[in-house]
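A.B. asks: My questions will all concern the structure given below.
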Amino acid sequence: MGYLLLAGAIAAEVGATTAMKYSEGFSRLWPSLLTLLGYVVSFTLLAQTLRTLSIGTAYAIWAGVGTAAIAAIGVMFMGEGLTVVKVAGIALIIVGVVVLNLGGAH
């Protein structure tokens, strides 16, 4: 159940961050409200996740997967460039989360 809650927290955070891009510095009402709602949902689900997962593991997965997802959204939908350095950075994030989990951090 902890990983399901964590997946929801990640999805809400990614949605909130995407909405933040469209809020234009919080000058547009609806994207700004979606940003606020998304982060409230994300932090609430992350807090519930911490009942069953260790904080180091949960936060590493939340931050790492969220970062990789936002980078992918930027490339696929917002016209951001994809460089070798960006791909390497995302790969290192994913490897770091996997190593943390394999190392018994939970």
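Lettering and numbering for the structure tokens are positional, with chains as A, B, ... in the shown order, residues counted from 1 in each chain, and ligands counted from 1 in the shown order.
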Skip A:Met20 itself and residues of its chain fewer than 5 positions away, then list as a PDB file with C-alpha atoms, in the first residue's frame all residues within 9 Å of it, counting only C-alpha atoms.

C.D. replies:
ATOM      1  CA  GLY A  15       0.813  17.398 -12.202  1.00  0.00           C
ATOM      2  CA  GLY A  25       4.460  33.042 -12.270  1.00  0.00           C
ATOM      3  CA  PHE A  26       1.134  32.481 -10.503  1.00  0.00           C
ATOM      4  CA  PRO A  31      -3.125  26.743 -13.244  1.00  0.00           C
ATOM      5  CA  SER A  32      -2.142  28.395  -9.944  1.00  0.00           C
ATOM      6  CA  LEU A  34      -4.085  23.326  -9.739  1.00  0.00           C
ATOM      7  CA  THR A  35      -0.512  23.818  -8.569  1.00  0.00           C
ATOM      8  CA  LEU A  36      -1.631  24.429  -4.994  1.00  0.00           C
TER       9      LEU A  36
END

A.B. asks: Which residues come within 12 Å of A:Gly89, counting only C-alpha atoms, excluding same-chain residues fewer than 3 positions away, as a short mmCIF file (atom, residue, chain, number, x, y, z; two decimals) with all heavy atoms, in the first residue's frame?

C.D. replies:
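File produced: result_27.cif:
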data_model
loop_
_atom_site.label_atom_id
_atom_site.label_comp_id
_atom_site.auth_asym_id
_atom_site.auth_seq_id
_atom_site.Cartn_x
_atom_site.Cartn_y
_atom_site.Cartn_z
N GLY A 64 13.24 11.57 -7.10
CA GLY A 64 13.90 11.06 -8.30
C GLY A 64 12.95 10.79 -9.44
O GLY A 64 13.18 11.24 -10.57
N THR A 67 11.46 14.09 -10.66
CA THR A 67 12.42 14.85 -11.47
C THR A 67 12.54 14.26 -12.87
O THR A 67 12.52 14.99 -13.88
CB THR A 67 13.79 14.88 -10.78
OG1 THR A 67 13.65 15.51 -9.51
CG2 THR A 67 14.82 15.62 -11.61
N ALA A 68 12.67 12.95 -12.95
CA ALA A 68 12.79 12.30 -14.25
C ALA A 68 11.52 12.50 -15.08
O ALA A 68 11.59 12.77 -16.29
CB ALA A 68 13.08 10.81 -14.06
N ALA A 71 11.36 16.11 -16.36
CA ALA A 71 12.32 16.29 -17.45
C ALA A 71 11.78 15.69 -18.74
O ALA A 71 11.89 16.30 -19.82
CB ALA A 71 13.66 15.65 -17.09
N ALA A 72 11.17 14.53 -18.65
CA ALA A 72 10.59 13.89 -19.84
C ALA A 72 9.42 14.70 -20.39
O ALA A 72 9.30 14.88 -21.61
CB ALA A 72 10.13 12.47 -19.50
N LEU A 82 16.85 17.79 -25.61
CA LEU A 82 17.33 16.57 -24.98
C LEU A 82 18.81 16.43 -25.32
O LEU A 82 19.17 16.26 -26.47
CB LEU A 82 16.55 15.35 -25.47
CG LEU A 82 16.90 14.03 -24.81
CD1 LEU A 82 16.57 14.07 -23.32
CD2 LEU A 82 16.13 12.89 -25.47
N THR A 83 19.64 16.55 -24.30
CA THR A 83 21.08 16.44 -24.50
C THR A 83 21.60 15.18 -23.84
O THR A 83 20.91 14.56 -23.02
CB THR A 83 21.80 17.66 -23.89
OG1 THR A 83 21.61 17.63 -22.46
CG2 THR A 83 21.26 18.98 -24.44
N VAL A 84 22.81 14.82 -24.20
CA VAL A 84 23.45 13.67 -23.59
C VAL A 84 23.59 13.89 -22.09
O VAL A 84 23.38 12.97 -21.29
CB VAL A 84 24.83 13.40 -24.24
CG1 VAL A 84 25.59 12.33 -23.50
CG2 VAL A 84 24.66 13.04 -25.70
N VAL A 85 23.90 15.09 -21.69
CA VAL A 85 24.06 15.40 -20.26
C VAL A 85 22.73 15.22 -19.53
O VAL A 85 22.69 14.66 -18.43
CB VAL A 85 24.61 16.83 -20.07
CG1 VAL A 85 24.62 17.24 -18.61
CG2 VAL A 85 26.00 16.95 -20.67
N LYS A 86 21.64 15.66 -20.13
CA LYS A 86 20.32 15.51 -19.50
C LYS A 86 19.96 14.04 -19.36
O LYS A 86 19.47 13.60 -18.31
CB LYS A 86 19.25 16.25 -20.30
CG LYS A 86 17.90 16.32 -19.60
CD LYS A 86 16.89 17.10 -20.40
CE LYS A 86 17.08 18.57 -20.19
NZ LYS A 86 15.97 19.39 -20.73
N LEU A 92 21.32 8.66 -13.98
CA LEU A 92 21.96 8.61 -12.66
C LEU A 92 20.92 8.69 -11.54
O LEU A 92 21.07 8.02 -10.51
CB LEU A 92 22.98 9.74 -12.51
CG LEU A 92 24.27 9.55 -13.30
CD1 LEU A 92 25.11 10.82 -13.27
CD2 LEU A 92 25.07 8.36 -12.76
N ILE A 93 19.88 9.48 -11.73
CA ILE A 93 18.82 9.56 -10.72
C ILE A 93 18.16 8.19 -10.57
O ILE A 93 17.96 7.69 -9.46
CB ILE A 93 17.77 10.63 -11.10
CG1 ILE A 93 18.37 12.02 -10.96
CG2 ILE A 93 16.51 10.49 -10.25
CD1 ILE A 93 17.52 13.12 -11.58
N ILE A 94 17.82 7.58 -11.70
CA ILE A 94 17.15 6.28 -11.67
C ILE A 94 18.06 5.22 -11.04
O ILE A 94 17.63 4.45 -10.17
CB ILE A 94 16.71 5.87 -13.09
CG1 ILE A 94 15.59 6.81 -13.56
CG2 ILE A 94 16.25 4.41 -13.12
CD1 ILE A 94 15.27 6.72 -15.03
N VAL A 95 19.32 5.22 -11.42
CA VAL A 95 20.27 4.26 -10.84
C VAL A 95 20.40 4.50 -9.33
O VAL A 95 20.43 3.55 -8.55
CB VAL A 95 21.64 4.35 -11.54
CG1 VAL A 95 22.72 3.60 -10.77
CG2 VAL A 95 21.54 3.82 -12.96
N GLY A 96 20.43 5.75 -8.92
CA GLY A 96 20.53 6.06 -7.50
C GLY A 96 19.36 5.53 -6.70
O GLY A 96 19.53 4.98 -5.61
#

A.B. asks: My list of candidates is A:Ile61, A:Leu29, A:Leu46, A:Ala11. Which is closest to A:Val99 when distances are computed with only C-alpha atoms?

C.D. replies: A:Ile61

A.B. asks: Measuring atom to atom with only C-alpha atoms, identify which of A:Leu37, A:Ala91, A:Ile10, A:Leu102 is nearest to A:Thr49.

C.D. replies: A:Ile10

A.B. asks: Pick from A:Phe77, A:Tyr39, A:Trp30, A:Trp62: nearest to A:Ala16, with only C-alpha atoms counted?

C.D. replies: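 Ranked by minimum distance to A:Ala16, first place goes to A:Tyr39.
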
A.B. asks: May I ask for the distance between atom CA of A:Ser54 and atom CA of A:Thr17, given in Å to one decimal place?

C.D. replies: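 It comes out at 24.4 Å.
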
A.B. asks: Which distance in Å separates atom CA of A:Gly8 and atom CA of A:Ile55, to one decimal?

C.D. replies: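 A separation of 16.3 Å between them.
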
A.B. asks: With distances taken over only C-alpha atoms, which residue among A:Val97, A:Val14, A:Val41, A:Ala47 lies nearest A:Ile73?

C.D. replies: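 When distances to A:Ile73 are compared using only C-alpha atoms, the smallest one comes from A:Val14.
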
A.B. asks: Please identify all polymer residues within 9 Å of A:Phe43, counting only C-alpha atoms, omitting same-chain residues fewer than 4 positions from it, and present them as number ranges by chain.

C.D. replies: A: 9, 12-13, 38-39, 47-48

A.B. asks: Just write the chosen residues, N, CA, C and O atoms, as a PDB file, in the first residue's frame.

C.D. replies:
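What landed in result_39.pdb:
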ATOM      1  N   ALA A   9       1.408  10.191  -4.839  1.00  0.00           N
ATOM      2  CA  ALA A   9       2.113  11.414  -4.445  1.00  0.00           C
ATOM      3  C   ALA A   9       2.977  11.929  -5.590  1.00  0.00           C
ATOM      4  O   ALA A   9       3.033  13.135  -5.847  1.00  0.00           O
ATOM      5  N   ALA A  12       0.693  13.408  -8.347  1.00  0.00           N
ATOM      6  CA  ALA A  12       0.177  14.721  -7.949  1.00  0.00           C
ATOM      7  C   ALA A  12       1.263  15.787  -8.033  1.00  0.00           C
ATOM      8  O   ALA A  12       1.009  16.919  -8.471  1.00  0.00           O
ATOM      9  N   GLU A  13       2.475  15.429  -7.632  1.00  0.00           N
ATOM     10  CA  GLU A  13       3.591  16.385  -7.687  1.00  0.00           C
ATOM     11  C   GLU A  13       3.939  16.734  -9.126  1.00  0.00           C
ATOM     12  O   GLU A  13       4.187  17.902  -9.450  1.00  0.00           O
ATOM     13  N   GLY A  38      -2.406  20.289  -6.272  1.00  0.00           N
ATOM     14  CA  GLY A  38      -1.515  19.161  -6.544  1.00  0.00           C
ATOM     15  C   GLY A  38      -0.477  18.960  -5.458  1.00  0.00           C
ATOM     16  O   GLY A  38      -0.207  17.828  -5.039  1.00  0.00           O
ATOM     17  N   TYR A  39       0.108  20.058  -4.983  1.00  0.00           N
ATOM     18  CA  TYR A  39       1.109  19.918  -3.920  1.00  0.00           C
ATOM     19  C   TYR A  39       0.494  19.517  -2.591  1.00  0.00           C
ATOM     20  O   TYR A  39       1.094  18.751  -1.836  1.00  0.00           O
ATOM     21  N   ALA A  47       3.045  11.954   3.149  1.00  0.00           N
ATOM     22  CA  ALA A  47       3.001  11.783   4.609  1.00  0.00           C
ATOM     23  C   ALA A  47       2.409  10.431   4.985  1.00  0.00           C
ATOM     24  O   ALA A  47       2.892   9.763   5.912  1.00  0.00           O
ATOM     25  N   GLN A  48       1.372  10.008   4.259  1.00  0.00           N
ATOM     26  CA  GLN A  48       0.773   8.699   4.526  1.00  0.00           C
ATOM     27  C   GLN A  48       1.742   7.570   4.157  1.00  0.00           C
ATOM     28  O   GLN A  48       1.779   6.541   4.817  1.00  0.00           O
TER      29      GLN A  48
END

A.B. asks: Excluding A:Leu53 and its own-chain neighbours fewer than 4 positions away, which residues fall within 8 Å of it when counting only C-alpha atoms? Please give them as a PDB file with all heavy atoms, in the first residue's frame.

C.D. replies:
ATOM      1  N   GLY A   2       2.021   1.197   0.677  1.00  0.00           N
ATOM      2  CA  GLY A   2       2.899   2.358   0.738  1.00  0.00           C
ATOM      3  C   GLY A   2       3.364   2.809  -0.634  1.00  0.00           C
ATOM      4  O   GLY A   2       3.391   4.006  -0.936  1.00  0.00           O
ATOM      5  N   THR A  49       2.506   7.785   3.106  1.00  0.00           N
ATOM      6  CA  THR A  49       3.507   6.800   2.678  1.00  0.00           C
ATOM      7  C   THR A  49       4.526   6.543   3.781  1.00  0.00           C
ATOM      8  O   THR A  49       4.972   5.402   3.973  1.00  0.00           O
ATOM      9  CB  THR A  49       4.228   7.306   1.408  1.00  0.00           C
ATOM     10  OG1 THR A  49       3.272   7.461   0.371  1.00  0.00           O
ATOM     11  CG2 THR A  49       5.307   6.345   0.968  1.00  0.00           C
ATOM     12  N   THR A  57      14.042   6.290   1.714  1.00  0.00           N
ATOM     13  CA  THR A  57      13.585   5.590   0.515  1.00  0.00           C
ATOM     14  C   THR A  57      12.425   6.328  -0.139  1.00  0.00           C
ATOM     15  O   THR A  57      12.436   6.564  -1.353  1.00  0.00           O
ATOM     16  CB  THR A  57      13.152   4.156   0.865  1.00  0.00           C
ATOM     17  OG1 THR A  57      14.275   3.460   1.398  1.00  0.00           O
ATOM     18  CG2 THR A  57      12.630   3.425  -0.347  1.00  0.00           C
ATOM     19  N   ALA A  58      11.429   6.685   0.633  1.00  0.00           N
ATOM     20  CA  ALA A  58      10.247   7.349   0.079  1.00  0.00           C
ATOM     21  C   ALA A  58      10.617   8.667  -0.583  1.00  0.00           C
ATOM     22  O   ALA A  58      10.184   8.952  -1.711  1.00  0.00           O
ATOM     23  CB  ALA A  58       9.209   7.578   1.177  1.00  0.00           C
ATOM     24  N   HIS A 106      15.041   0.412   3.157  1.00  0.00           N
ATOM     25  CA  HIS A 106      13.681   0.413   3.683  1.00  0.00           C
ATOM     26  C   HIS A 106      13.520  -0.699   4.630  1.00  0.00           C
ATOM     27  O   HIS A 106      13.670  -0.930   5.620  1.00  0.00           O
ATOM     28  CB  HIS A 106      12.626   0.309   2.594  1.00  0.00           C
ATOM     29  CG  HIS A 106      12.931  -0.640   1.484  1.00  0.00           C
ATOM     30  ND1 HIS A 106      12.182  -1.713   1.207  1.00  0.00           N
ATOM     31  CD2 HIS A 106      13.945  -0.671   0.602  1.00  0.00           C
ATOM     32  CE1 HIS A 106      12.688  -2.363   0.177  1.00  0.00           C
ATOM     33  NE2 HIS A 106      13.756  -1.733  -0.202  1.00  0.00           N
TER      34      HIS A 106
END
